[in-house]
Structure formats: C-alpha cells, structure tokens
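Participant: Shown below is the structure under consideration.
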2 protein chains.
Amino acid sequence: MGSLDTNPDPAAYASFAADVDAFRPLDADDVRSYLHKAVDFVYDYYKSVESLPVLPGVEPGYLIRLLQSAPPSSSAPFDIAMKELREAVVPGMTHWASPNFFAFFPATNSAAAIAGELIASAMNTVGFTWQAAPAATELEVLALDWLAQLLRLPASFMNRTASGRGTGGGVILGTTSEAMLVTLVAARDAALSRSGSNGMAGITRLTVYAADQTHSTFFKACRLAGFDPANIRSIPTGAETDYGLDPAKLLEVMQADADAGFVATYVCATVGTTSSNAVDPIGALADVAAKFNAWVHVDAAYAGSACICPEFRHHLDGVERVDSISMSPHKWLLTCLDCTCLYVRDTHRLTDSLETNPEYLKNDASDSGEVTDLKDMQVGVGRRFRGLKLWMVMRTYGAAKLQEHIRSDVSMAKTFEDLVRGDDRFEVVVPRNFALVCFRLKPRGGGGAMGEVSAEKASRELMERLNKTGKAFLAHTVVGGKFVLRFAVGASLQEEHHVRSAWELIKKTTTDIVGEAK
Amino acid sequence: MGSLDTNPDPAAYASFAADVDAFRPLDADDVRSYLHKAVDFVYDYYKSVESLPVLPGVEPGYLIRLLQSAPPSSSAPFDIAMKELREAVVPGMTHWASPNFFAFFPATNSAAAIAGELIASAMNTVGFTWQAAPAATELEVLALDWLAQLLRLPASFMNRTASGRGTGGGVILGTTSEAMLVTLVAARDAALSRSGSNGMAGITRLTVYAADQTHSTFFKACRLAGFDPANIRSIPTGAETDYGLDPAKLLEVMQADADAGFVATYVCATVGTTSSNAVDPIGALADVAAKFNAWVHVDAAYAGSACICPEFRHHLDGVERVDSISMSPHKWLLTCLDCTCLYVRDTHRLTDSLETNPEYLKNDASDSGEVTDLKDMQVGVGRRFRGLKLWMVMRTYGAAKLQEHIRSDVSMAKTFEDLVRGDDRFEVVVPRNFALVCFRLKPRGGGGAMGEVSAEKASRELMERLNKTGKAFLAHTVVGGKFVLRFAVGASLQEEHHVRSAWELIKKTTTDIVGEAK
C-alpha cells in the first residue's frame with residue numbers, strides 16, 4: 001500500500017476544491033482520446049486475432065507475475081494500461097473472437113452491437129423504473145417485440161400487440177440462469193399459493209422437471225430458489241429420441257409424483273442443449289405439464305436464434321402453450337455479452353413475486369400502472385441499457401442479414417459434418433440440428449483396430465493435442481456414455497476456410513495419434 | 001412482419017455460401033467505422049448533456065410512436081440507427097450523465113472505464129472457467145485484490161495474500177442484489193446443514209435480519225432464496241441512532257427468535273443506506289450475530305467507495321469479523337455499469353452452494369484445484385470481462401485521484417448542506433455522512449406559518465416543479481415518517497457551479513411556492 005499510508009490529515013483537504021487542475025474523469029476530450037486508443041486496439045485485435053493461439057499456454061497465476069500486486073498510488077497515462085493490456089493480458093486470453101475458436105458455443109458479435117454497447121456504457125443510465133430511463137425502457141421493450149416477431153412468437157408474449165398493451169412481455173437479463181431463476185420463483189410462489197401452503201412450509205412438496213441433458217445451471221437455479229434437492233427430477237434421455245425429453249417419460253414421472261402427493265411446479269424444456277444440441281418437443285411437453293398445472297419454460301439460449309429462419313422455426317412449435325421462453329442473442333444473434341431475452345405470457349405472474357416498491361423509487365408514472373418497471377422482472381434493481389445494442393443489431397442488419405448469418409454458420413457446420421462423414425476413422429455421434437457437430441474417433445472390431453476404450457483415449461488425445469497447437473480450440477462432452485468432441489461453428493470472424501483448415505489439422509493429428517499407437 | 005413471410009423455400013439457400021458479398025458482421029473496417037461514429041456521438045453527448053432536460057417530458061409509449069413497430073426486413077446503413085438514436089431515443093432519456101442529475105445515487109463513470117468496457121465487449125470472452133479466459137479471470141481477481149487494498153480489507157478477504165493463495169476472495173457481479181442472493185443461499189445451506197435439516201424441510205425455521213432502512217432488494221433476495229416471508233425480520237430504527245441499526249435491538253430480536261427455536265441465518269448490515277446514507281455499526285452487529293452463528297453481510301454498495309479515503313474508513317471498522325461485503329464501483333468509483341464487487345472470507349462457503357461441474361466445462365486446470373472458476377461464485381454461468389474496466393480505472397487514476405474524486409463530491413455536498421442550513425426555510429433532516437444531503441422545507445409553528453402537513457405538501461410540490469424544469473432531477477424518500485428531498489451529489493460531469501445553480505433554482509422555486517400559498 002506504501003504511499004497510501006502517508007495520506008495527510010483530513011483537514012488538509014479542506015481547500016482542495018480550489019485546485020485548478022481538478023480531476024475530471026469524464027472530460028469529453030479525454031473520453032474521445034481514450035476511446036480512439038481503444039478503437040485502434042480493437043481494430044488491431046480483430047486483424048490479428050487469427051494468428052494468436054486460441055487457447056493460451058499460460059499457467060495459473062501467470063498474470064500476477066507480470067503486473068504489480070498493489071494498486072498504484074498515483075495516476076498514469078492511459079497508454080500504460082493499454083501497454084499492459086497488450087503485453088500481459090492479451091497473451092493470457094482465450095480468444096473467443098478467433099475464427100479458430102470451435103469450443104462451447106460461439107459468442108457472436110457485430111459492429112453494430114459493440115457500438116451500441118459503447119454508447120450505452122457512456123450514457124450509463126440505470127433503468128430500474130420507466131421514470132429513471134423512459135427511452136431505455138421503451139427501446140428495450142420495442143427490441144424485444146421486434147425479436148418476438150422475428151421468432152414468430154405468439155402475440156401473447158409481446159409487450160404491445162395490435163390492440164395495445166398486452167398482458168405478456170419481455171425483459172433483457174444477463175444470463176439464462178437468471179431467466180430460469182426468476183420464472184422458477186414465480187412458479188414456486190404460485191404453486192405454494194394454489195396448494196394452500198402457509199409461507200414456505202409447502203416447499204418440500206414442490207417438484208420440478210427437466211431432461212438429464214438440461215444445462216447444469218437449471219439444476220443450480222432450482223437450488224437457489226429453494227427447491228428441495230430431492231424433488232428436482234432429472235429425467236433420463238437416450239439415443240432413441242436423440243437425447244430429447246420423451247413426453248411419455250415426463251408423464252410417467254409427473255404422474256407418479258402427483259400420486260405421491262407432490263405438487264408439480266415447473267418443467268424446463270430445451271431447444272438446442274449445450275451438450276449435443278438436442279431438442280425437447282415443446283408442444284408435447286407443454287401438454288403433459290398442463291395436466292398438472294406446472295409452469296413450462298423453454299430454454300432456447302443458443303438455438304433460439306436459428307428460429308428466426310423459417311426452416312428452423314418448427315423447433316418452437318407449441319410455444320404458444322408454454323409460460324415462458326428465454327434465448328440469448330449474445331450467443332448466436334451477433335450481440336455482445338450480455339443479452340438474454342426472457343418472454344413471459346403473463347408479466348403479472350413474474351411481478352407478483354419480484355416487485356418492490358421502496359419510497360425513493362415511487363413516481364407518478366409507476367403509480368399510473370401505464371408503464372413497465374423492468375426491475376420487477378429481474379433479480380436486481382440496477383440494470384444496463386442492453387436494449388440499445390439489440391435494437392441496433394436488428395435495425396442495422398435487418399431480418400435478411402440475420403437469417404443469412406444463421407444459414408452461413410449452419411452451412412459451414414454441414415460442410416464440416418460432411419468432411420467427418422467422408423473419413424471412415426470418424427463418426428458423427430448425434431444428428432446435427434444447428435451448427436454444432438458432435439463426433440469422435442470410431443471404435444472398430446477386427447484385428448489390431450481400436451476398441452471402445454482405445455477409441456475414447458484417442459479422441460481425448462486428439463482434443464488435447466489440437467488445443468495445444470493454438471490453432472484450434474474444441475471442447476468435449478459425454479453423450480450416452482460416449483466421449484465426444486464438440487465442433488461448434490460460428491465465431492463471427494469465421495469463414496469456411498477456417499473450418500476446412502481445422503479439419504485438415506484434425507485429420508493430420510489423428511494420423512499422428514493412430515500411427516504412434518501402432 | 002411483411003416481407004419476412006415471403007422467405008423462399010429453404011432449398012433456395014443451398015448455394016448462398018458462394019455469395020461474393022458475404023455478410024461479415026465483425027469486419028474490422030466496419031467495426032472501426034461504426035465505433036468512430038459512436039465515439040463522435042459520445043463526445044457530442046458529453047459536450048451537450050448539460051443543456052438537455054435531465055428528466056425528459058415524454059409520456060409513456062412515446063417511443064413506439066416514433067419508431068417502426070415491426071423489425072426491418074433488410075439492412076440499413078448504421079447511420080440510420082444513429083439518426084434514430086439521436087432523434088427518438090435521446091429525447092426520451094433520463095440523463096444520468098447530466099451534471100444536473102441529483103437523484104438516486106450518481107452512476108459515476110470515467111474515460112478509462114468506458115474504454116475498458118469497449119475493449120471487453122469487443123473481445124467478448126465468456127470467463128465462466130479459468131480455462132475459458134485465464135487472463136480475464138486473473139485480471140478480475142487482481143483488480144479485486146487491488147480494491148481490497150484500497151479499502152484496507154483484511155487479508156482474509158483477498159484472493160492472494162503475501163503468503164500465496166488465500167482462502168477468501170472476490171468476484172465481480174452485476175448487482176448488489178446478486179451479491180446478497182448468493183451469500184444468502186450459502187448461509188441458508190450452511191444453516192440447514194448445521195441444524196440437521198433433511199433437505200429444505202428446515203427452511204421455515206431459518207431467520208434473517210436487517211434494519212428497516214436496508215435496501216428493498218435485500219428483502220426481495222431473501223424471498224428469492226426461499227426464506228419464509230414470516231421469518232424476514234425488518235428491525236425498526238429511529239432518529240436516536242440516525243437510522244442505523246441498534247445492536248441492542250438486534251440482540252433482542254435474535255434472542256427472542258432463538259428462544260422460540262428459530263435458527264438465525266443471516267444479518268445484513270448497511271454502510272450508507274439508499275434512503276438517507278445511514279450507517280449500521282458493523283463490528284457491534286457482527287458481535288451480536290456471532291452469538292448465534294449467523295452469516296454477516298455488509299452492503300456498502302454506495303458508500304463503500306468512500307472508504308478508500310482514510311477519513312471514511314472507520315465506517316468499515318469491524319469488517320474483519322463479518323463473512324462478506326459487497327460494494328459497487330459502478331455507483332461511486334468511476335466504473336460504468338455494471339460492477340459490484342463481492343468479497344467473502346471463505347470462498348468455499350460460496351462454492352459449496354454454487355458449484356456446477358458439467359462435462360463440457362471439465363478441464364485440467366479446474367481439476368487441479370489451482371484456479372478459481374468464477375462461475376461458482378455467481379448465479380449464472382456466462383460472465384462478461386468486467387475486471388478489465390475496474391482494473392483500468394485503478395491503473396490509470398491511481399489511489400490519489402480516486403480519493404480526490406470522492407473528496408470532491410463530499411466537498412460539494414458539504415457546500416450544498418451549508419447553503420441549506422443557511423436558509424431558515426429549510427432543514428437538513430439527517431446528518432450528512434457522505435455526498436447525500438437529505439433536506440425538506442421546515443415546518444414552523446406560529447401564525448400563518450407552515451405546519452407539518454403543509455410543509456410536506458410544499459416539499460413535494462418543490463420536487464415536482466424542480467423536476468419539471470429539466471434543470472435538475474431530485475428524488476425523495478421518507479425518513480422517520482418525514483417526506484424528504486434527496487440531493488445526491490457526484491454525477492461525473494458535475495462541478496460546484498452546478499450544485500450552486502441547483503440551489504438557486506431550489507430557493508427561487510420555494511419562494512414561488514410559498515408566495516402562492518399565501
């Protein structure tokens with residue numbers, strides 16, 4: 001801490017306000033100058049990111065050895081921070097923007113989104129109530145309604161319909177997890193209320209349901225909301241449904257619970273699971289859930305974006321019968337983090353559980369009931385102006401370009417899939433639904449060939465070697481007990497030649513591994 | 001939806017990849033061009049925001065009348081979005097960046113923070129695990145440790161201490177609400193476990209405690225985490241403690257609960273309440289809570305930033321005996337939204353409740369136990385690279401400038417307070433602790449003068465008229481049954497003359513109101 005300890009007596013500051021060199025942290029000229037440096041950095045970064053190792057070769061704790069461990073006591077030119085960013089931070093980044101990034105899901109991005117985010121962070125409004133930022137609230141609501149139209153969601157999910165303000169609506173949140181959490185809480189409170197529970201006493205009777213392929217964050221959100229761990233049902237799926245949730249199995253489990261006196265509260269269906277892009281049949285699951293009065297939420301975080309294309313929209317069939325749906329433009333709709341859109345059919349079911357009304361936020365507009373105060377549809381109070389970037393993306397690119405973007409990624413994934421299928425050392429493990437290809441080295445019988453165990457070992461080895469090259473980054477999963485490589489196409493700088501290069505690298509590395517094994 | 005319906009058959013897209021004008025949403029030249037336009041906007045905005053009405057005079061639904069209600073089907077030059085931003089959105093903004101903004105708490109900001117945010121949104125990494133973004137994880141941890149040093153937090157809250165990796169640590173979250181929620185869940189699970197509860201069965205015996213001045217989001221977070229509404233204790237405060245929580249009262253309530261068989265789980269203390277900037281005595285409250293084994297959290301969202309100055313640090317005395325503390329640099333430490341720093345004394349107490357371990361995120365670094373996977377300290381999985389802007393703020397301005405910034409705001413608030421005290425029509429209602437002045441028109445006895453009721457009416461009228469001028473925006477609160485105007489100093493473009501101008505406006509408007517009443 002050093003010099004901080006030498007701060008003089010408080011009394012010494014009495015006259016500092018007269019300082020002619022007063023500190024002006026938001027001086028417009030400084031802002032412009034710093035931002036121009038940042039823009040130059042961004043330009044150089046996009047121009048060069050392809051040549052950087054996707055996955056850095058740094059060891060845990062590397063950064064603290066490069067940067068000072070105590071905060072500076074005095075100011076420094078902004079160039080110092082930029083220099084340290086370039087020299088210490090960038091070499092330790094996993095480059096999600098690299099066209100050689102094929103791991104997880106891509107975090108797609110665009111010029112319009114980044115510009116929107118920049119303006120939002122400069123305006124820095126906190127739109128907890130309509131009054132606190134009318135335009136931010138209304139633009140967010142408009143952007144959500146636009147996206148709802150692109151997705152052909154029923155009018156019941158829209159803030160505004162042809163006949164005026166609707167009963168449904170949306171909100172932009174930070175993560176799918178938050179969307180799940182707030183709807184789980186609303187469903188929980190409704191179930192407690194309809195089962196006549198006194199306070200939380202009935203919580204141990206409430207049950208929730210999802211396929212075993214559902215994102216782990218769902219099971220975490222259930223625990224956060226206080227559901228009993230013993231009542232969180234993870235329903236097995238298998239290859240016979242391509243790892244989608246079988247409605248007959250859901251019915252069986254829900255009926256058994258009902259017979260045992262449990263109160264079915266919530267069913268989470270997924271369109272495009274993280275592991276293998278499985279799709280749960282929304283409409284059929286909603287029909288089952290309806291028998292038990294359970295809330296149905298659709299998690300379409302990744303694949304929801306594809307549903308702006310008519311040829312993918314059928315994956316949302318039945319959405320008019322669910323209670324809520326969330327999807328994340330920060331995954332596949334060219335909008336930088338964070339931006340998760342949650343739509344609910346009846347906003348009051350959310351706000352009944354989430355509303356607060358402290359004196360210091362009271363105002364005529366809120367009192368009138370004419371406006372949406374978005375704080376009442378989320379966990380927190382403060383909120384960024386995320387609607388701006390989402391609106392700018394749709395305003396600038398329009399439906400046609402956004403559809404083209406989805407189709408381009410899917411086409412590249414199909415190219416990769418065809419390459420894999422054309423090499424008999426590999427197999428595609430589950431059908432490709434969107435832009436994710438799940439494949440592995442194929443076990444084979446016969447003398448000297450690879451059995452199941454050595455094929456898995458070779459697949460693991462393949463992933464590790466690929467990731468160490470810095471020329472590609474793939475993640476893995478386990479589907480149906482099989483270790484599988486996930487090749488997720490779609491990083492926004494990616495073009496077909498990157499996919500083809502990655503495939504060449506995969507082939508060559510595989511040849512090395514198989515050769516060494518002999 | 002119009003033209004969207006006319007999309008041709010999917011088969012028609014088979015060959016689109018050969019399109020020579022392929023859509024490149026992240027083309028470096030486009031990014032630079034869009035960002036330069038955005039920077040120009042930001043520059044003009046900061047230069048002109050002072051002249052814009054702080055609170056816009058728009059009616060609910062104004063924006064939908066200016067912008068098209070259906071999403072565009074085709075692309076448009078980015079200038080169109082910028083034009084609509086200027087002409088439709090800006091006129092409906094509440095300008096938090098205006099130097100005439102005195103409402104709520106200021107959302108302070110700086111050139112370094114905005115530049116950091118821009119770079120983070122361009123890199124667009126998703127640092128859920130260390131592997132997914134080593135530098136983002138390590139820079140966040142480093143920034144948190146720097147801030148901990150500025151705040152003189154005990155080493156037990158730091159990720160790294162002089163002797164290596166500590167048991168405590170921090171994480172950057174989006175809001176104080178999330179900090180409360182995740183610590184409430186950790187405390188809940190620990191209390192259930194130590195009281196021998198089977199699953200959630202014991203939840204109805206758990207109790208939580210806070211002063212009635214605690215932010216409403218705390219009580220909401222308790223409900224989200226499943227605490228029984230009947231067990232959430234809001235303890236009355238009064239003028240005798242300047243609305244801080246009296247440890248003797250806390251003891252009384254906790255003891256009564258313990259005697260009745262409840263399990264004390266969590267106490268939330270606030271340093272700088274939203275309503276009036278009251279300060280709960282942390283150390284004394286921690287001593288009470290310790291008798292019952294309850295988790296103690298300190299919410300220093302706003303005033304925590306002031307504690308980087310030695311003359312304010314005493315408000316954190318006793319922090320070494322609490323379990324967690326959160327504060328938000330997005331409020332008062334020049335860091336644009338969102339940035340809430342949560343520190344816990346034992347990170348395992350958080351991760352035990354929040355950890356997930358899906359197959360597709362497994363990696364050697366996580367398995368080694370050598371790294372922090374920050375997803376296990378928050379609600380969601382995805383996360384922005386928020387550490388960059390916070391680090392850039394400290395790296396560029398250093399402790400001295402940051403202290404100067406706090407002191408400048410406090411000095412301006414003191415100036416305003418002196419002006420209010422110098423006019424006998426007004427009274428300062430609670431002592432000013434930081435940069436918030438709570439005042440009202442003073443009721444007086446005697447012939448023809450204002451009683452309590454008409455003084456309140458006049459204060460309300462004053463606020464409404466001021467806010468309608470567009471030249472100032474103040475919010476209100478109710479403290480001890482009194483309607484009070486909150487004058488929050490500190491918007492980052494604010495200088496003393498803005499404060500003095502606002503005071504002149506307040507005096508003049510009051511004269512008008514009092515004159516009319518006669």
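Residue numbers start at 1 in each chain; chains themselves are named A, B, ... in the order of the structure tokens; ligands are numbered from 1 in the order shown.
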List the neighbours of stretch 405-414 of chain B out to 9 Å using only C-alpha atoms; skip same-chain residues closer than 5 positions along the sequence, and give me the result as number ranges by chain.
Facilitator: A: 13-14, 16-17, 22-25; B: 305-306, 308-309, 332-334, 400, 419, 432-437, 487-492, 494-496, 499
Participant: With C-alpha atoms retained, could you export that selection as a CSV table (one decimal), in the first residue's frame?
Facilitator:
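This is the output file again39.csv:
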chain,number,residue,atom,x,y,z
A,13,TYR,CA,-8.3,18.6,2.1
A,14,ALA,CA,-10.5,21.5,3.1
A,16,PHE,CA,-8.5,21.1,-2.5
A,17,ALA,CA,-11.7,22.2,-4.4
A,22,ALA,CA,-9.2,19.4,-10.8
A,23,PHE,CA,-9.7,15.8,-11.7
A,24,ARG,CA,-12.3,15.5,-14.5
A,25,PRO,CA,-12.8,11.8,-15.1
B,305,SER,CA,-16.2,3.6,-2.3
B,306,ALA,CA,-15.7,6.5,0.1
B,308,ILE,CA,-10.8,4.3,0.2
B,309,CYS,CA,-10.2,7.6,2.0
B,332,TRP,CA,-19.2,5.8,-6.8
B,333,LEU,CA,-15.9,4.6,-8.1
B,334,LEU,CA,-16.0,5.9,-11.7
B,400,ALA,CA,-4.7,9.5,-5.1
B,419,LEU,CA,-26.4,26.5,1.8
B,432,ARG,CA,-24.8,14.1,6.1
B,433,ASN,CA,-22.3,11.2,6.1
B,434,PHE,CA,-21.1,11.2,2.5
B,435,ALA,CA,-22.3,13.1,-0.5
B,436,LEU,CA,-26.1,12.9,0.0
B,437,VAL,CA,-28.0,15.7,1.6
B,487,PHE,CA,-29.8,15.8,-3.1
B,488,ALA,CA,-27.2,13.3,-4.3
B,489,VAL,CA,-24.0,15.0,-5.4
B,490,GLY,CA,-21.5,13.3,-7.7
B,491,ALA,CA,-22.5,12.9,-11.3
B,492,SER,CA,-19.1,12.7,-13.0
B,494,GLN,CA,-20.7,17.8,-12.0
B,495,GLU,CA,-18.8,20.8,-10.7
B,496,GLU,CA,-19.5,23.2,-7.9
B,499,VAL,CA,-24.6,22.5,-7.3
Participant: Give one line per residue of stretch 270-327 of chain B that approaches stretch 348-366 of chain B to at most 12 Å, naming the two atoms of the closest pair and their distance in Å to one decimal, counting only C-alpha atoms; sort by chain then ascending residue number and deliver it as a Markdown table.
Facilitator:
| residue | atom | partner | partner_atom | distance |
| --- | --- | --- | --- | --- |
| B:Trp295 | CA | B:Arg349 | CA | 10.6 |
| B:Asp323 | CA | B:Arg349 | CA | 9.6 |
| B:Ser324 | CA | B:Leu350 | CA | 10.2 |
Participant: Near B:His297, counting only C-alpha atoms, which residues have an atom at most 8 Å away, once you skip same-chain residues fewer than 4 positions from it, shown as a PyMOL selection string?
Facilitator: chain B and resi 180+183+266-269+322-326
Participant: For a quick check of understanding, using only C-alpha atoms, which of A:Asp27, A:Ala120, A:Asp373, A:Tyr343 has the smallest distance to B:Phe41?
Facilitator: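 With only C-alpha atoms as the atom set, the closest residue is A:Ala120.
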Participant: Mind listing the strand (DSSP E) residues of stretch 37-234 of chain B, per DSSP on the backbone, as a PyMOL selection string?
Facilitator: chain B and resi 160-161+164-165+169-173+206-211+232-234
